[in-house]
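Q: Quick one: the structure is below, questions incoming.
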Amino acid sequence: MSAPAFRSIALLGKFAGHCVTAIQRAESKNVADAAAKSIKVDLTSASGLAEAFKGQDVVVSATPNPVLATEKIWMDAAVSAGVKRIVLSEYSTNMDNEKSKKLPIIYDKLQTRKYAEELGASGKIGWSSVNNGPFFVPFIWTAGWMGPNVQKKTAMFHDGGNKIVCTSTLERIGETVAKILAPEHAADTKNKPIYTYSAAVSERKITDIVSKITGIDFAVTNASVEQITKDTFAAVAKGDNSRNMGFYIPFCWGDGYGGDFRSQAWNEKLGLKEMSDEEIEELLRGFWGRARLTESQAAELGDYLDDSV
Ligand SMILES: NC(=O)c1ccc[n+]([C@@H]2O[C@H](COP(=O)([O-])OP(=O)(O)OC[C@H]3O[C@@H](n4cnc5c(N)ncnc54)[C@H](OP(=O)(O)O)[C@@H]3O)[C@@H](O)[C@H]2O)c1
């Protein structure tokens with residue numbers, strides 16, 4: 001996962017008395033400076049991974065595009081190395097909601113979850129996952145995909161902009177991973193998806209705060225969640241997957257899809273405070289000047305962003 005979340009896992013792991021080792025791709029050029037040590041491994045090698053996992057209590061996955069075929073390799077390696085708990089790379093929105101489960105974007109993660117559930121049921125290993133809603137980061141909240149586009153001075157509201165979604169900073173996600181593994185929560189969080197969030201926000205709320213910070217009077221476009229959902233399914237039916245990011249719209253804003261998962265969240269049980277409005281404003285102030293998408297983020301958003309902003 002992106003650097004700040006990993007750093008939080010490492011720091012809180014250390015704080016909780018854990019020794020954190022980074023498992024990196026053999027070809028990686030990234031520096032895992034927050035970890036106690038780093039091991040570079042061929043991720044397709046079950047024996048290499050099992051060797052790397054020896055002596056570890058927990059393996060936390062943060063692979064970017066997890067699919068069962070590749071996730072299964074490290075999960076089986078964790079079992080054979082005697083690891084007690086695996087944490088799946090979900091970090092998604094509501095993966096336990098029946099309507100959301102029909103969205104193709106989480107198909108691969110659901111397959112991986114199913115395999116973890118089988119491992120958990122067999123008693124071979126325990127699993128957990130963390131789901132956090134859209135990341136509370138600039139490329140999601142200031143690029144016009146949801147709410148304000150600071151560069152273009154436009155804002156996108158879905159179904160009026162007042163619906164609520166739970167959103168999490170990367171630090172909150174790292175903190176949650178560390179908390180669910182802590183001795184006081186490890187038994188309760190075994191074989192479960194854990195929901196967490198930093199703030200429950202609407203597109204209108206974020207747009208109003210960004211407007212206050214930047215002085216921009218955003219030109220608002222309203223979009224229908226139902227229409228976007230229909231269009232995205234229709235594109236997929238024609239074999240066009242370039243608009244798949246459209247599925248994130250019902251995932252976050254659709255009626256009955258569970259984007260507002262406050263009632264499922266473990267915040268209170270884990271002692272994780274929700275951000276105040278002042279803290280949200282402070283965080284958004286920090287985004288100013290970093291609202292531009294990186295090339296890879298823009299490529300990931302693809303055609304959908306071009307057409308919708
Ligand atoms: N809720 C949201 O808004 C949201 C947004 C984005 C992502 N996510 C989810 O968060 C999880 C992590 O995604 P991310 O975008 O944070 O990941 P990322 O930053 O793109 O990649 C994380 C690390 O994985 C390693 N990596 C890169 N390519 C890999 C590959 N092909 N196979 C295995 N490892 C690879 C790299 O570390 P090394 O170089 O050290 O090997 C990289 O730094 C995924 O489950 C993703 O779906 C959620």
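Residues are referred to by chain and number: the chain letter is A, B, ... according to the order shown in the structure tokens, the number counts from 1 in that chain, and ligands are numbered separately from 1 in the order shown.
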With a cut-off of 8 Å, could you pull out the residues of chain A touching ligand 1 and give me the nearest pair of atoms for each, distance in Å to one decimal, using only C-alpha atoms and all ligand atoms, ordered by chain and ascending number, as a Markdown table?
A:
| residue | atom | partner | partner_atom_place_in_ligand_line | distance |
| --- | --- | --- | --- | --- |
| A:Met1 | CA | ligand 1 | 16 (O) | 3.5 |
| A:Ser2 | CA | ligand 1 | 19 (O) | 3.9 |
| A:Ala3 | CA | ligand 1 | 43 (O) | 7.2 |
| A:Ala22 | CA | ligand 1 | 40 (O) | 7.4 |
| A:Ile23 | CA | ligand 1 | 40 (O) | 7.0 |
| A:Gln24 | CA | ligand 1 | 41 (O) | 3.8 |
| A:Arg25 | CA | ligand 1 | 41 (O) | 4.0 |
| A:Ala26 | CA | ligand 1 | 41 (O) | 7.3 |
| A:Glu27 | CA | ligand 1 | 41 (O) | 7.4 |
| A:Ser28 | CA | ligand 1 | 39 (O) | 4.1 |
| A:Lys29 | CA | ligand 1 | 39 (O) | 6.0 |
| A:Asn30 | CA | ligand 1 | 39 (O) | 4.8 |
| A:Val31 | CA | ligand 1 | 40 (O) | 7.0 |
| A:Ala32 | CA | ligand 1 | 40 (O) | 6.7 |
| A:Lys40 | CA | ligand 1 | 41 (O) | 7.8 |
| A:Leu43 | CA | ligand 1 | 33 (C) | 7.0 |
| A:Ala62 | CA | ligand 1 | 12 (C) | 4.6 |
| A:Thr63 | CA | ligand 1 | 24 (O) | 4.6 |
| A:Pro64 | CA | ligand 1 | 13 (O) | 3.6 |
| A:Asn65 | CA | ligand 1 | 47 (O) | 5.6 |
| A:Pro66 | CA | ligand 1 | 45 (O) | 6.2 |
| A:Leu88 | CA | ligand 1 | 45 (O) | 8.0 |
| A:Ser89 | CA | ligand 1 | 45 (O) | 4.3 |
| A:Glu90 | CA | ligand 1 | 45 (O) | 4.4 |
| A:Tyr91 | CA | ligand 1 | 9 (C) | 5.0 |
| A:Ser92 | CA | ligand 1 | 1 (N) | 4.3 |
| A:Thr93 | CA | ligand 1 | 1 (N) | 6.2 |
| A:Lys109 | CA | ligand 1 | 45 (O) | 7.9 |
| A:Asn131 | CA | ligand 1 | 1 (N) | 7.5 |
| A:Asn132 | CA | ligand 1 | 1 (N) | 6.2 |
| A:Gly133 | CA | ligand 1 | 1 (N) | 5.0 |
| A:Pro134 | CA | ligand 1 | 3 (O) | 3.4 |
| A:Phe135 | CA | ligand 1 | 3 (O) | 3.9 |
| A:Phe136 | CA | ligand 1 | 3 (O) | 7.5 |
| A:Ile140 | CA | ligand 1 | 3 (O) | 7.2 |
Q: I'd like the contact shell of Met275 in chain A - 10 Å cut-off, only C-alpha atoms, skipping same-chain residues fewer than 6 positions apart - returned as a VMD selection string.
A: chain A and resid 168 197 to 200 281 283
Q: Would you mind exporting the chosen residues as a PDB file, in the first residue's frame, restricted to C-alpha atoms?
A:
ATOM      1  CA  SER A 168     -10.471   7.100   5.507  1.00  0.00           C
ATOM      2  CA  TYR A 197     -13.432   5.363   8.721  1.00  0.00           C
ATOM      3  CA  SER A 198     -12.010   8.793   9.452  1.00  0.00           C
ATOM      4  CA  ALA A 199     -15.068  10.832   8.502  1.00  0.00           C
ATOM      5  CA  ALA A 200     -18.557  10.412   7.071  1.00  0.00           C
ATOM      6  CA  GLU A 281     -10.737  21.326   6.883  1.00  0.00           C
ATOM      7  CA  LEU A 283      -6.618  17.874   6.048  1.00  0.00           C
TER       8      LEU A 283
END
Q: Pick the closest to Arg204 in chain A from A:Ala81, A:Val165, A:Val177, A:Ile228: which is it, counting only C-alpha atoms?
A: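 Result for the nearest residue to Arg204 in chain A: A:Val165.
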Q: Which is closer to Leu119 in chain A than all the others in A:Ile105, A:Val150, A:Ala35, A:Ala78, using only C-alpha atoms?
A: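 Looking at the shortest contact to Leu119 in chain A, the residue is A:Ala78.
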Q: Please provide the set of residues having any atom within 12 Å of Ala187 in chain A, restricted to only C-alpha atoms, with same-chain residues fewer than 5 positions apart removed, written as a compact mmCIF listing (two decimals) with C-alpha atoms, in the first residue's frame.
A:
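After the write, around-v7.txt holds the following:
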# COMPACT_ATOMS: atom_id res chain seq x y z
CA LYS A 84 -1.40 -17.24 12.67
CA ARG A 85 -3.27 -14.46 10.88
CA GLY A 126 -7.13 -16.89 10.82
CA TRP A 127 -7.94 -13.98 8.48
CA SER A 128 -9.08 -10.39 8.79
CA LYS A 179 -5.31 -2.14 16.29
CA ILE A 180 -7.12 -5.25 15.04
CA LEU A 181 -3.94 -7.27 15.56
CA ALA A 182 -3.28 -5.94 19.06
CA LYS A 192 -13.95 -11.03 10.06
